[in-house]
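As stored in coords18.cif (mmCIF, C-alpha atoms):
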data_query
#
loop_
_atom_site.label_atom_id
_atom_site.label_comp_id
_atom_site.auth_asym_id
_atom_site.auth_seq_id
_atom_site.Cartn_x
_atom_site.Cartn_y
_atom_site.Cartn_z
CA MET A 210 -55.17 49.75 39.45
CA SER A 211 -56.59 48.08 36.37
CA SER A 212 -54.37 50.24 34.14
CA GLU A 213 -51.27 49.41 36.17
CA ALA A 214 -52.14 45.69 36.15
CA ASP A 215 -52.61 45.75 32.36
CA ASN A 216 -49.26 47.48 31.99
CA ASP A 217 -47.54 44.84 34.17
CA LYS A 218 -49.12 42.10 32.08
CA ARG A 219 -47.86 43.72 28.89
CA GLN A 220 -44.35 43.99 30.33
CA MET A 221 -44.37 40.35 31.46
CA SER A 222 -45.66 39.24 28.05
CA LYS A 223 -42.94 41.23 26.30
CA SER A 224 -40.30 39.76 28.62
CA ARG A 225 -41.55 36.23 27.92
CA TRP A 226 -41.46 36.92 24.17
CA VAL A 227 -37.86 38.15 24.41
CA GLN A 228 -36.89 35.08 26.43
CA SER A 229 -38.63 32.81 23.95
CA LYS A 230 -36.78 34.54 21.11
CA TRP A 231 -33.39 33.86 22.72
CA VAL A 232 -34.33 30.27 23.55
CA LEU A 233 -35.34 29.72 19.93
CA ALA A 234 -32.10 31.27 18.71
CA ALA A 235 -30.09 29.03 21.03
CA MET A 236 -31.97 25.95 19.78
CA VAL A 237 -31.22 26.92 16.17
CA ILE A 238 -27.52 27.31 16.97
CA ILE A 239 -27.42 23.93 18.72
CA TYR A 240 -29.21 22.30 15.77
CA ILE A 241 -26.70 23.77 13.32
CA MET A 242 -23.78 22.55 15.43
CA VAL A 243 -25.22 19.02 15.65
CA LEU A 244 -25.89 18.99 11.90
CA ALA A 245 -22.35 20.17 11.13
CA THR A 246 -20.85 17.50 13.39
CA THR A 247 -23.00 14.79 11.79
CA LEU A 248 -22.03 15.86 8.27
CA SER A 249 -18.37 15.92 9.31
CA ILE A 250 -18.59 12.35 10.63
CA HIS A 251 -20.35 11.19 7.48
CA LYS A 252 -17.77 12.87 5.27
CA LYS A 253 -14.93 11.24 7.19
CA HIS A 254 -16.41 7.80 6.64
CA LYS A 255 -17.45 8.34 3.03
CA ARG A 256 -17.01 5.11 1.14
CA TYR A 257 -18.34 3.58 -2.02
CA PHE A 258 -19.54 0.07 -2.63
CA SER A 259 -19.86 -1.47 -6.05
CA GLN A 260 -23.19 -3.27 -6.38
CA HIS A 261 -24.63 -1.16 -3.58
CA ASN A 262 -28.10 -2.52 -4.21
CA PHE A 263 -27.70 -6.23 -4.95
CA SER A 264 -31.34 -6.82 -5.78
CA THR A 265 -31.69 -4.03 -8.36
CA GLY A 266 -28.17 -4.26 -9.77
CA ILE A 267 -27.22 -0.62 -9.20
CA ASP A 268 -23.51 -0.34 -9.89
CA VAL A 269 -21.89 2.17 -7.59
CA GLN A 270 -18.45 3.46 -8.58
CA ALA A 271 -16.04 5.92 -7.00
CA THR A 272 -14.49 8.86 -8.77
CA GLN A 273 -10.94 10.04 -8.18
CA GLU A 274 -12.27 12.13 -5.30
CA GLY A 275 -14.24 9.26 -3.82
CA VAL A 276 -17.63 10.73 -4.83
CA VAL A 277 -20.24 8.02 -5.24
CA GLY A 278 -22.93 7.83 -7.85
CA GLU A 279 -24.98 5.44 -9.94
CA LYS A 280 -23.43 4.21 -13.16
CA ASN A 281 -25.41 5.59 -16.08
CA ASP A 282 -24.01 5.09 -19.56
CA GLY A 283 -20.50 5.21 -18.21
CA LYS A 284 -21.06 8.48 -16.33
CA LEU A 285 -21.40 9.08 -12.62
CA ASP A 286 -24.56 10.66 -11.24
CA ASN A 287 -23.31 12.85 -8.40
CA ASP A 288 -26.88 13.61 -7.37
CA ALA A 289 -27.15 9.99 -6.34
CA ALA A 290 -24.08 10.26 -4.13
CA LEU A 291 -24.03 7.95 -1.14
CA SER A 292 -22.25 8.90 2.05
CA VAL A 293 -22.67 6.67 5.07
CA ALA A 294 -21.03 6.07 8.40
CA VAL A 295 -20.69 2.35 9.01
CA ASP A 296 -19.81 0.85 12.37
CA LEU A 297 -16.92 -1.58 12.68
CA THR A 298 -17.83 -5.25 12.48
CA ASP A 299 -16.06 -7.88 14.53
CA GLY A 300 -13.53 -9.85 12.48
CA GLN A 301 -15.02 -13.15 13.63
CA HIS A 302 -18.41 -12.18 12.21
CA VAL A 303 -16.85 -11.27 8.85
CA THR A 304 -14.96 -14.58 8.92
CA ASP A 305 -18.21 -16.49 9.55
CA ILE A 306 -19.79 -14.75 6.55
CA LEU A 307 -16.88 -15.64 4.27
CA GLN A 308 -17.00 -19.24 5.49
CA ASN A 309 -20.77 -19.35 4.90
CA LYS A 310 -21.45 -19.92 8.58
CA THR A 311 -23.87 -17.01 8.76
CA GLN A 312 -25.91 -14.88 6.41
CA ASN A 313 -25.06 -11.27 5.60
CA ASN A 314 -28.18 -9.22 5.02
CA GLU A 315 -26.28 -5.94 5.00
CA GLN A 316 -27.04 -3.96 1.84
CA THR A 317 -24.25 -1.39 2.10
CA GLY A 318 -21.39 -3.71 3.02
CA MET A 319 -19.39 -4.18 6.19
CA ARG A 320 -16.36 -2.48 7.70
CA PHE A 321 -13.66 -4.23 9.77
CA LEU A 322 -10.09 -3.75 10.93
CA PRO A 323 -7.02 -5.26 9.20
CA GLY A 324 -5.66 -8.40 10.82
CA THR A 325 -8.89 -9.33 12.62
CA LEU A 326 -10.10 -12.13 10.34
CA ARG A 327 -9.79 -15.71 11.58
CA LEU A 328 -8.40 -16.75 8.22
CA SER A 329 -4.95 -17.51 6.88
CA GLN A 330 -3.32 -14.91 4.68
CA ALA A 331 -3.86 -17.11 1.61
CA GLU A 332 -7.57 -17.53 2.45
CA THR A 333 -7.99 -13.80 2.97
CA LEU A 334 -6.18 -13.04 -0.29
CA SER A 335 -8.53 -15.35 -2.19
CA HIS A 336 -11.41 -12.97 -1.39
CA CYS A 337 -9.54 -9.83 -2.36
CA TYR A 338 -10.39 -7.31 -5.04
CA ALA A 339 -7.83 -4.86 -6.44
CA ASP A 340 -9.83 -2.39 -8.52
CA PRO A 341 -8.21 -2.45 -12.00
CA LYS A 342 -8.88 1.26 -12.52
CA ILE A 343 -7.60 2.51 -9.18
CA TYR A 344 -4.55 0.22 -9.04
CA GLU A 345 -3.86 0.25 -12.78
CA HIS A 346 -0.19 1.19 -12.38
CA HIS A 347 0.47 -1.35 -9.62
CA PHE A 348 -0.12 -4.45 -11.71
CA THR A 349 2.75 -6.11 -13.57
CA LYS A 350 3.28 -3.99 -16.68
CA ARG A 351 4.94 -6.49 -19.00
CA LYS A 352 2.94 -9.14 -20.83
CA GLN A 353 5.03 -11.87 -19.23
CA ARG A 354 7.07 -12.26 -16.08
CA GLY A 355 9.76 -14.68 -15.02
CA ILE A 356 9.24 -16.68 -11.81
CA PRO A 357 11.08 -19.68 -10.30
CA ILE A 358 9.24 -22.93 -10.99
CA SER A 359 10.48 -26.33 -9.88
CA LEU A 360 9.18 -28.84 -12.40
CA LYS A 361 10.66 -31.68 -10.36
CA HIS A 362 8.89 -30.74 -7.13
CA LYS A 363 5.86 -29.09 -8.73
CA LEU A 364 6.37 -25.86 -6.82
CA VAL A 365 5.86 -22.28 -7.99
CA PHE A 366 7.29 -19.24 -6.19
CA ALA A 367 5.15 -16.19 -7.00
CA MET A 368 7.76 -13.49 -6.42
CA ILE A 369 6.97 -10.01 -5.18
CA ALA A 370 9.63 -7.31 -5.44
CA LYS A 371 11.03 -6.19 -2.05
CA SER A 372 9.33 -9.10 -0.30
CA GLY A 373 12.10 -11.65 -0.08
CA SER A 374 12.24 -12.19 -3.84
CA SER A 375 16.04 -12.47 -4.09
CA THR A 376 16.29 -14.90 -1.19
CA GLY A 377 13.42 -17.00 -2.51
CA ARG A 378 14.86 -17.08 -6.02
CA TRP A 379 18.19 -18.33 -4.66
CA VAL A 380 16.55 -21.11 -2.61
CA MET A 381 14.32 -22.21 -5.47
CA ASN A 382 17.13 -22.31 -8.02
CA ASN A 383 19.91 -23.72 -5.82
CA VAL A 384 18.04 -26.04 -3.48
CA LEU A 385 14.78 -26.98 -5.17
CA GLU A 386 16.18 -27.20 -8.72
CA ALA A 387 13.86 -24.56 -10.13
CA GLU A 388 14.12 -22.70 -13.42
CA GLU A 389 13.18 -19.12 -14.18
CA LEU A 390 10.25 -19.67 -16.53
CA ARG A 391 8.10 -17.14 -18.34
CA VAL A 392 4.41 -17.00 -17.48
CA ASN A 393 1.52 -14.64 -18.20
CA LYS A 394 1.75 -11.42 -16.19
CA ASP A 395 -1.55 -12.29 -14.48
CA LEU A 396 -0.29 -15.79 -13.57
CA LEU A 397 -3.05 -17.43 -15.59
CA GLU A 398 -1.04 -20.66 -15.85
CA LEU A 399 -1.71 -21.24 -12.14
CA SER A 400 -5.48 -21.28 -12.56
CA PRO A 401 -7.63 -24.37 -13.22
CA GLY A 402 -6.91 -25.53 -16.75
CA GLY A 403 -3.54 -23.78 -16.73
CA LYS A 404 -0.18 -25.36 -17.36
CA TYR A 405 0.70 -25.42 -13.65
CA GLU A 406 -2.75 -26.00 -12.20
CA ASP A 407 -1.56 -28.99 -10.15
CA PHE A 408 1.57 -27.24 -8.81
CA ASP A 409 1.74 -25.81 -5.29
CA VAL A 410 2.00 -22.01 -5.30
CA ILE A 411 3.70 -20.09 -2.51
CA ALA A 412 4.35 -16.37 -1.94
CA PHE A 413 6.19 -14.28 0.62
CA VAL A 414 4.81 -10.94 1.81
CA ARG A 415 6.19 -8.16 3.97
CA ASP A 416 4.81 -5.58 6.38
CA PRO A 417 3.78 -2.72 4.03
CA LEU A 418 5.38 0.04 6.10
CA SER A 419 8.76 -1.71 6.25
CA ARG A 420 8.45 -2.66 2.59
CA PHE A 421 7.70 0.94 1.57
CA TYR A 422 10.98 2.06 3.14
CA SER A 423 12.84 -0.58 1.15
CA SER A 424 10.87 0.11 -2.03
CA TYR A 425 11.66 3.80 -1.87
CA ASP A 426 15.34 3.15 -1.18
CA GLU A 427 15.59 0.79 -4.15
CA THR A 428 13.67 3.05 -6.52
CA TYR A 429 15.64 6.12 -5.42
CA PHE A 430 18.89 4.33 -6.18
CA ARG A 431 17.73 2.84 -9.49
CA TYR A 432 16.56 6.17 -10.91
CA GLY A 433 19.43 8.33 -9.69
CA PRO A 434 21.26 10.39 -12.36
CA TRP A 435 24.40 8.38 -11.57
CA MET A 436 22.76 5.35 -13.19
CA THR A 437 23.14 6.91 -16.62
CA GLN A 438 26.90 6.46 -16.29
CA VAL A 439 27.17 2.85 -15.12
CA HIS A 440 28.08 -0.14 -17.21
CA LYS A 441 27.33 1.47 -20.54
CA ASP A 442 29.00 -1.45 -22.25
CA LYS A 443 27.15 -4.23 -20.44
CA GLY A 444 23.86 -5.42 -21.87
CA GLY A 445 21.04 -4.93 -19.36
CA TYR A 446 22.81 -2.17 -17.48
CA ALA A 447 23.30 -0.25 -20.71
CA SER A 448 19.59 -0.42 -21.54
CA TRP A 449 18.71 0.63 -17.99
CA ALA A 450 21.07 3.61 -18.20
CA LYS A 451 19.29 4.64 -21.40
CA HIS A 452 15.89 4.25 -19.72
CA VAL A 453 16.89 6.43 -16.75
CA LYS A 454 18.34 9.09 -19.04
CA GLU A 455 15.10 9.34 -21.03
CA PHE A 456 12.77 9.00 -18.03
CA GLU A 457 10.96 12.15 -16.86
CA HIS A 458 11.02 11.68 -13.12
CA PRO A 459 7.76 12.85 -11.47
CA HIS A 460 9.68 13.86 -8.33
CA ALA A 461 12.91 15.28 -9.72
CA TYR A 462 13.51 17.35 -6.57
CA LEU A 463 14.66 14.14 -4.87
CA TYR A 464 18.00 14.45 -6.66
CA GLU A 465 18.73 18.12 -6.17
CA ASN A 466 22.50 18.62 -5.71
CA MET A 467 23.06 14.91 -6.33
CA THR A 468 24.27 14.38 -9.88
CA VAL A 469 26.91 11.68 -9.36
CA TYR A 470 27.09 8.70 -7.03
CA LYS A 471 29.67 10.45 -4.86
CA ASP A 472 27.06 13.04 -3.88
CA PHE A 473 24.59 10.34 -2.83
CA GLN A 474 27.14 8.23 -0.98
CA ASP A 475 28.49 11.23 0.90
CA ALA A 476 24.94 11.93 2.13
CA PHE A 477 24.58 8.59 3.94
CA CYS A 478 28.28 7.82 4.45
CA PRO A 479 30.21 11.09 5.03
CA PRO A 480 33.94 10.90 4.14
CA HIS A 481 35.07 11.62 7.71
CA ILE A 482 33.62 8.34 9.05
CA ILE A 483 35.40 6.15 6.47
CA PRO A 484 38.59 4.46 7.74
CA PRO A 485 41.70 6.02 6.11
CA GLY A 486 42.54 2.83 4.24
CA ASP A 487 39.13 2.74 2.55
CA ARG A 488 38.70 6.40 1.64
CA ALA A 489 40.25 5.94 -1.77
CA LEU A 490 37.35 3.65 -2.65
CA ARG A 491 34.54 5.94 -1.55
CA VAL A 492 33.82 7.29 -5.04
CA THR A 493 33.02 4.06 -6.84
CA SER A 494 30.43 2.75 -9.21
CA PRO A 495 27.06 2.27 -7.46
CA ARG A 496 27.16 -1.36 -8.57
CA GLN A 497 30.42 -2.02 -6.73
CA HIS A 498 30.61 -3.13 -3.11
CA ASN A 499 32.65 -0.84 -0.85
CA TRP A 500 33.09 -0.03 2.84
CA CYS A 501 30.03 2.23 2.94
CA THR A 502 27.75 -0.46 1.53
CA ASP A 503 27.50 -2.34 4.83
CA GLN A 504 27.41 0.62 7.21
CA PRO A 505 24.29 1.92 8.91
CA THR A 506 23.28 5.30 7.57
CA HIS A 507 24.95 8.40 8.95
CA GLU A 508 22.80 10.85 7.03
CA ASN A 509 21.99 14.17 8.70
CA GLY A 510 18.30 14.28 7.76
CA THR A 511 18.62 15.46 4.17
CA LEU A 512 17.58 12.11 2.71
CA ALA A 513 14.83 11.60 5.29
CA ALA A 514 13.39 15.05 4.55
CA ARG A 515 13.22 14.23 0.86
CA PHE A 516 11.58 10.92 1.66
CA GLU A 517 8.92 12.69 3.74
CA ARG A 518 8.19 15.17 0.99
CA PHE A 519 7.84 12.32 -1.49
CA VAL A 520 5.35 10.47 0.72
CA TRP A 521 3.10 13.51 0.96
CA GLU A 522 3.29 14.35 -2.75
CA TYR A 523 3.00 10.78 -4.02
CA ASP A 524 -0.63 9.91 -4.76
CA GLY A 525 -0.20 6.20 -4.03
CA ILE A 526 -1.58 5.11 -7.41
CA SER A 527 0.95 6.40 -9.96
CA SER A 528 3.64 3.76 -9.46
CA TRP A 529 6.31 3.97 -12.15
CA ASP A 530 8.50 1.09 -10.97
CA VAL A 531 7.69 -2.45 -9.87
CA HIS A 532 9.45 -1.86 -6.55
CA LEU A 533 6.83 0.78 -5.68
CA SER A 534 3.91 -1.45 -6.66
CA LEU A 535 1.73 -2.74 -3.84
CA GLN A 536 1.90 -6.45 -3.10
CA VAL A 537 -1.71 -7.49 -3.71
CA PRO A 538 -1.95 -6.13 -7.29
CA LEU A 539 1.26 -8.00 -8.13
CA LEU A 540 -0.57 -11.21 -7.23
CA SER A 541 -3.77 -10.29 -9.06
CA ASN A 542 -5.35 -10.38 -12.49
CA GLN A 543 -5.49 -6.89 -13.98
CA ASP A 544 -8.64 -7.66 -15.99
CA THR A 545 -10.73 -8.96 -13.10
CA GLY A 546 -8.99 -7.48 -10.06
CA ARG A 547 -9.14 -10.90 -8.47
CA PRO A 548 -6.06 -12.72 -7.11
CA ALA A 549 -4.18 -15.53 -8.78
CA ARG A 550 -4.19 -18.89 -7.05
CA VAL A 551 -1.80 -18.85 -4.10
CA ASP A 552 -1.87 -21.86 -1.78
CA GLU A 553 0.36 -20.56 1.00
CA VAL A 554 1.55 -17.11 2.05
CA PHE A 555 4.59 -16.69 4.30
CA SER A 556 6.02 -13.68 6.08
CA THR A 557 9.48 -12.32 5.31
CA GLU A 558 9.92 -11.60 9.02
CA ALA A 559 10.94 -15.24 9.47
CA SER A 560 12.07 -15.86 5.91
CA VAL A 561 14.88 -18.35 6.58
CA LYS A 562 12.81 -20.35 9.06
CA HIS A 563 9.97 -20.63 6.55
CA TRP A 564 12.29 -21.70 3.74
CA GLU A 565 13.79 -24.37 6.01
CA HIS A 566 10.29 -25.72 6.51
CA ILE A 567 9.45 -25.54 2.80
CA VAL A 568 12.55 -27.34 1.53
CA SER A 569 12.19 -30.04 4.23
CA ARG A 570 8.95 -31.12 2.57
CA TYR A 571 11.01 -32.24 -0.40
CA GLY A 572 13.72 -33.95 1.64
CA LYS A 573 16.10 -30.99 1.36
CA THR A 574 18.04 -28.94 3.90
CA LEU A 575 18.85 -25.27 3.68
CA PRO A 576 22.61 -24.66 3.39
CA VAL A 577 24.35 -21.90 5.30
CA SER A 578 24.89 -19.11 2.79
CA ASP A 579 25.07 -15.34 2.64
CA SER A 580 22.71 -15.62 -0.33
CA LEU A 581 19.86 -16.27 2.12
CA TYR A 582 20.17 -12.58 2.95
CA ALA A 583 20.63 -11.77 -0.72
CA ARG A 584 20.28 -8.00 -0.98
CA SER A 585 20.00 -7.06 2.65
CA VAL A 586 21.77 -3.70 2.96
CA PRO A 587 21.28 -0.93 5.51
CA ARG A 588 18.74 1.78 4.78
CA ARG A 589 20.23 4.86 3.09
CA PHE A 590 17.86 7.38 4.65
CA ASN A 591 17.27 7.31 8.39
CA PRO A 592 13.75 5.99 9.21
CA THR A 593 14.04 7.17 12.81
CA LEU A 594 13.83 10.72 11.50
CA VAL A 595 10.52 10.07 9.75
CA SER A 596 7.50 11.62 11.48
CA ILE A 597 4.66 9.48 12.76
CA GLU A 598 2.23 11.39 10.50
CA THR A 599 4.24 10.30 7.48
CA LYS A 600 4.33 6.69 8.65
CA ARG A 601 0.57 6.74 9.08
CA ARG A 602 0.09 8.09 5.58
CA ILE A 603 2.18 5.20 4.22
CA CYS A 604 -0.08 2.74 6.02
CA GLN A 605 -3.12 4.44 4.53
CA LEU A 606 -1.68 4.28 1.02
CA ALA A 607 -0.92 0.57 1.51
CA ALA A 608 -4.28 -0.31 3.08
CA ILE A 609 -5.06 -2.91 0.41
CA ASP A 610 -2.05 -4.95 1.51
CA TYR A 611 -3.03 -4.77 5.18
CA CYS A 612 -6.63 -5.72 4.39
CA CYS A 613 -6.14 -8.41 1.74
CA LEU A 614 -3.20 -10.05 3.49
CA ASN A 615 -4.90 -9.92 6.90
CA MET A 616 -1.97 -8.07 8.48
CA ASN A 617 -2.08 -6.26 11.79
CA LEU A 618 -1.30 -2.59 11.59
CA PRO A 619 2.09 -1.62 13.07
CA ALA A 620 2.08 0.31 16.34
CA GLU A 621 2.63 3.62 14.54
CA CYS A 622 -0.56 3.16 12.53
CA LYS A 623 -2.96 1.93 15.19
CA ASN A 624 -5.78 4.27 16.16
CA VAL A 625 -5.70 5.72 12.64
CA ASP A 626 -8.69 5.64 10.30
CA ILE A 627 -7.56 2.54 8.35
CA SER A 628 -10.14 -0.16 7.82
CA CYS A 629 -11.33 -2.76 5.34
CA ALA A 630 -14.57 -3.31 3.47
CA LEU A 631 -16.52 -6.45 2.66
CA ASP A 632 -19.07 -6.21 -0.13
CA LYS A 633 -20.25 -8.20 -3.15
CA ASP A 634 -19.49 -7.97 -6.84
CA LYS A 635 -22.09 -8.18 -9.61
CA ASN A 636 -21.96 -11.97 -9.46
CA GLY A 637 -22.78 -11.98 -5.78
CA ASP A 638 -19.29 -13.04 -4.72
CA TYR A 639 -17.78 -11.48 -1.61
CA ARG A 640 -14.75 -9.28 -1.97
CA ILE A 641 -12.37 -7.58 0.42
CA GLN A 642 -10.86 -4.20 -0.33
CA PRO A 643 -9.72 -1.16 1.64
CA TRP A 644 -12.39 1.11 3.03
CA THR A 645 -10.38 4.06 1.72
CA HIS A 646 -8.29 3.73 -1.44
CA PRO A 647 -5.06 5.71 -2.03
CA ASN A 648 -6.84 8.23 -4.24
CA GLU A 649 -9.20 9.00 -1.34
CA VAL A 650 -6.52 9.60 1.27
CA ALA A 651 -6.05 13.23 2.24
CA LYS A 652 -2.84 14.80 0.95
CA GLU A 653 -2.73 17.65 3.45
CA ARG A 654 0.06 17.11 5.94
CA PRO A 655 -0.73 18.12 9.52
CA GLY A 656 1.25 21.08 10.78
CA ALA A 657 3.56 23.44 8.94
CA ALA A 658 4.34 23.28 5.24
CA MET A 659 7.12 20.98 4.16
CA SER A 660 10.48 21.95 2.77
CA LEU A 661 13.70 20.25 1.88
#
Using C-alpha cells, write down the structure that the file contains.
Amino acid sequence: MSSEADNDKRQMSKSRWVQSKWVLAAMVIIYIMVLATTLSIHKKHKRYFSQHNFSTGIDVQATQEGVVGEKNDGKLDNDAALSVAVDLTDGQHVTDILQNKTQNNEQTGMRFLPGTLRLSQAETLSHCYADPKIYEHHFTKRKQRGIPISLKHKLVFAMIAKSGSSTGRWVMNNVLEAEELRVNKDLLELSPGGKYEDFDVIAFVRDPLSRFYSSYDETYFRYGPWMTQVHKDKGGYASWAKHVKEFEHPHAYLYENMTVYKDFQDAFCPPHIIPPGDRALRVTSPRQHNWCTDQPTHENGTLAARFERFVWEYDGISSWDVHLSLQVPLLSNQDTGRPARVDEVFSTEASVKHWEHIVSRYGKTLPVSDSLYARSVPRRFNPTLVSIETKRRICQLAAIDYCCLNMNLPAECKNVDISCALDKDKNGDYRIQPWTHPNEVAKERPGAAMSL
C-alpha cells in the first residue's frame, strides 16, 4: 500500500509540475503580447519636444525619422531617445495656460486637438513655431516680397498664395488705395521698431485640405511642359518659360503623355463635350480664356490618379513652389520660426463678407466686380475620385496649419491621429506646433500598391 501511495504521490507531483510549466508558458506569452502592444502604442505616439527638461536645459531635437536624442556637439544621441504616449489635454486647459490663468507643470509638453483652443486664429498664430529646419523649403525663398500696403489707411495685407491673395490684392489696390511695396521676406517691417509697426496687419487663410487641392492644380499647370512655349516674347512669361524648361521636376511622371496644352485640356475637357461652335478654340494657349476654362472637370480619373500618387510620394517638406508652401511658414520668420505680427486672421470661406466688413472701417463700400472672385476656376482633376486615405494624408502633412491657425479638421480627417503640441522654447516661451511633422508621417499607403 505504501509503495502504491508513494507512486500516486509521484504521479500527482509530476502532473502538477507539467501544469505549472504550461501555466508559466502561458504567462510568458501574455507578458510578451502586452509588452508588444505597449511598445506599439508608444511608437505610434512618438514625439519630440525641444527643451524637454526645462530646468537642466537639455535640448531635444528630432531627426528626419523622428528619433529623439539629446543635443551633444551638434549630434543626436540615439541612446537617449525619448518615446512617450501623452494623453490629450482639453483645449480650454491649454488656453488657460497660454493666457497665464493656470500653471503648467508638465515637463514633457501637452497634446491637444486642432481647433479646440478658445483663442482667435491670430492669437493662436502668435504662439506658433515653424521649425526652420523641418519647414526650410516652405518659407518665402526670395529676400524680399511684394505685399499690398495702404499708406493712407495704415493697413497691411499679408498675402498667402492660394488663400484669397488675388481677391485681397484687388480690394486693397482698387478700394483701399494700396500700393504693392517691397518688404523683407520675414515681414520684419511689421515688428516693433519696423517701418510699419503702427499699421494694422491682416491675413486670410484657407482650410488646408481645400487649399492643397488648389495648390496642386496651380503648380501642376505652372510647371507643365506646355509652359515652355507660351509668351516667349513677353517679359515675365519668357523668364518663366525658361525656368520651367531648365527645372528638373521631382515628379516628372505627372506629365506622362502630356507634352502640349492640348493633351492636358483634353484630359479635363474632352473634345466631344465642347459645343461645335467652340471646338476650334480648344487648342489654345494656356494663358487664354476659352470655353473649357469655366467648365467643371470631366476627367475620367487619369488626373486624379496622378494626384493621388503625388500625395503619397511627396514628403511634405520639399516644396519647390510658393503655391505648395504651407500657410504658417509663409507668415513666419525663417531664422526664429516665430510668426510675424498679424493682428487679424480671416477665413477665405466668407472672403467677400469679410472684405465688406474691412473696407467699411475706412468708410468704403465693396463694389460689385468679377475681380472679387479673381482666379476662381473649376478644379482640373476630380476631387470626388480622391480616396479618403489620401485626404487624411494631406491633413497630416498640413498639420501645422490646422494647429497654428486653430482650425477644425474637416470631416474626412476626424478620428485620425492628427494633434498639436504645446511646449516651451529655450527662453521659456510657449510654442504651438504639430505633434507629428510631415517628415514623421508614414508614407506607406494602406491597401494595394499605386499605379497610374
One decimal place gives the CA of Trp521 (chain A)-CA of Tyr470 (chain A) separation as 25.7 Å
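Atom pair CA of Glu522 (chain A) / CA of Thr428 (chain A) has a distance of 15.8 Å (rounded to one decimal).
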Mind working out the centre and edge lengths of an axis-aligned box for region 363-367 of chain A, all listed atoms inside, 6 Å added to each side, rounded to one decimal in Å and written as AutoDock Vina command-line options?
--center_x 6.2 --center_y -22.6 --center_z -7.5 --size_x 14.1 --size_y 24.9 --size_z 14.5
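Minimum atom-to-atom distance to Asn648 (chain A), evaluated using only C-alpha atoms, belongs to A:Ile526 out of A:Ile609, A:Ile526, A:Val577, A:Leu334.
If you apply the PyMOL selection byres ((chain A and resi 409) around 12) to this structure, you end up with Ile358, Ser359, Leu360, Lys361, His362, Lys363, Leu364, Val365, Phe366, Ala367, Leu399, Ser400, Tyr405, Glu406, Asp407, Phe408, Val410, Ile411, Ala412, Arg550, Val551, Asp552, Glu553, Val554, Ile567 and Arg570 of chain A.
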Shortest contact to Lys352 (chain A), candidates A:Leu385, A:Asn542, A:Leu618, A:His458, atoms counted only C-alpha atoms, goes to A:Asn542
Across A:Ile306, A:Met436, A:Val568, A:Val650, the smallest distance to Asp524 (chain A), with only C-alpha atoms counted, is shown by A:Val650
note - CA of Leu540 (chain A) and CA of Lys394 (chain A) are separated by 9.3 Å
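When the PyMOL selection byres ((chain A and resi 607) around 9) is evaluated against the file, it yields Pro417, Leu418, Phe421, Gly525, Leu535, Gln536, Arg602, Ile603, Cys604, Gln605, Leu606, Ala608, Ile609, Asp610, Tyr611, Cys612, Pro643, His646 and Pro647 of chain A.
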Next item on the list: Tell me which residues the PyMOL selection byres ((chain A and resi 586-594) around 12) grabs here, as number ranges by chain.
Entry: A: 418-430, 473-479, 498-517, 582-585, 595-600
File of the preceding selection, C-alpha atoms, as a compact mmCIF listing (two decimals), in the frame of the given file:
# COMPACT_ATOMS: atom_id res chain seq x y z
CA LEU A 418 5.38 0.04 6.10
CA SER A 419 8.76 -1.71 6.25
CA ARG A 420 8.45 -2.66 2.59
CA PHE A 421 7.70 0.94 1.57
CA TYR A 422 10.98 2.06 3.14
CA SER A 423 12.84 -0.58 1.15
CA SER A 424 10.87 0.11 -2.03
CA TYR A 425 11.66 3.80 -1.87
CA ASP A 426 15.34 3.15 -1.18
CA GLU A 427 15.59 0.79 -4.15
CA THR A 428 13.67 3.05 -6.52
CA TYR A 429 15.64 6.12 -5.42
CA PHE A 430 18.89 4.33 -6.18
CA PHE A 473 24.59 10.34 -2.83
CA GLN A 474 27.14 8.23 -0.98
CA ASP A 475 28.49 11.23 0.90
CA ALA A 476 24.94 11.93 2.13
CA PHE A 477 24.58 8.59 3.94
CA CYS A 478 28.28 7.82 4.45
CA PRO A 479 30.21 11.09 5.03
CA HIS A 498 30.61 -3.13 -3.11
CA ASN A 499 32.65 -0.84 -0.85
CA TRP A 500 33.09 -0.03 2.84
CA CYS A 501 30.03 2.23 2.94
CA THR A 502 27.75 -0.46 1.53
CA ASP A 503 27.50 -2.34 4.83
CA GLN A 504 27.41 0.62 7.21
CA PRO A 505 24.29 1.92 8.91
CA THR A 506 23.28 5.30 7.57
CA HIS A 507 24.95 8.40 8.95
CA GLU A 508 22.80 10.85 7.03
CA ASN A 509 21.99 14.17 8.70
CA GLY A 510 18.30 14.28 7.76
CA THR A 511 18.62 15.46 4.17
CA LEU A 512 17.58 12.11 2.71
CA ALA A 513 14.83 11.60 5.29
CA ALA A 514 13.39 15.05 4.55
CA ARG A 515 13.22 14.23 0.86
CA PHE A 516 11.58 10.92 1.66
CA GLU A 517 8.92 12.69 3.74
CA TYR A 582 20.17 -12.58 2.95
CA ALA A 583 20.63 -11.77 -0.72
CA ARG A 584 20.28 -8.00 -0.98
CA SER A 585 20.00 -7.06 2.65
CA VAL A 595 10.52 10.07 9.75
CA SER A 596 7.50 11.62 11.48
CA ILE A 597 4.66 9.48 12.76
CA GLU A 598 2.23 11.39 10.50
CA THR A 599 4.24 10.30 7.48
CA LYS A 600 4.33 6.69 8.65
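With all atoms listed in the file as the atoms that count, the minimum distance from Val384 (chain A) to the choices A:His460, A:Lys573, A:Lys451, A:Lys652 is reached by A:Lys573.
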Spatial neighbours of region 301-304 of chain A, max dist 7 Å, only C-alpha atoms, sep filter under 4 positions, as a PDB file with C-alpha atoms, in the coordinates of the input:
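Produced file out09.pdb, reproduced below:
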ATOM      1  CA  GLN A 308     -17.000 -19.240   5.490  1.00  0.00           C
ATOM      2  CA  LEU A 326     -10.100 -12.130  10.340  1.00  0.00           C
ATOM      3  CA  ARG A 327      -9.790 -15.710  11.580  1.00  0.00           C
ATOM      4  CA  LEU A 328      -8.400 -16.750   8.220  1.00  0.00           C
TER       5      LEU A 328
END
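Among the candidates A:Arg320, A:His336, A:His347, A:Lys404, the residue lying nearest to Thr645 (chain A) is A:Arg320 (atoms considered: only C-alpha atoms).
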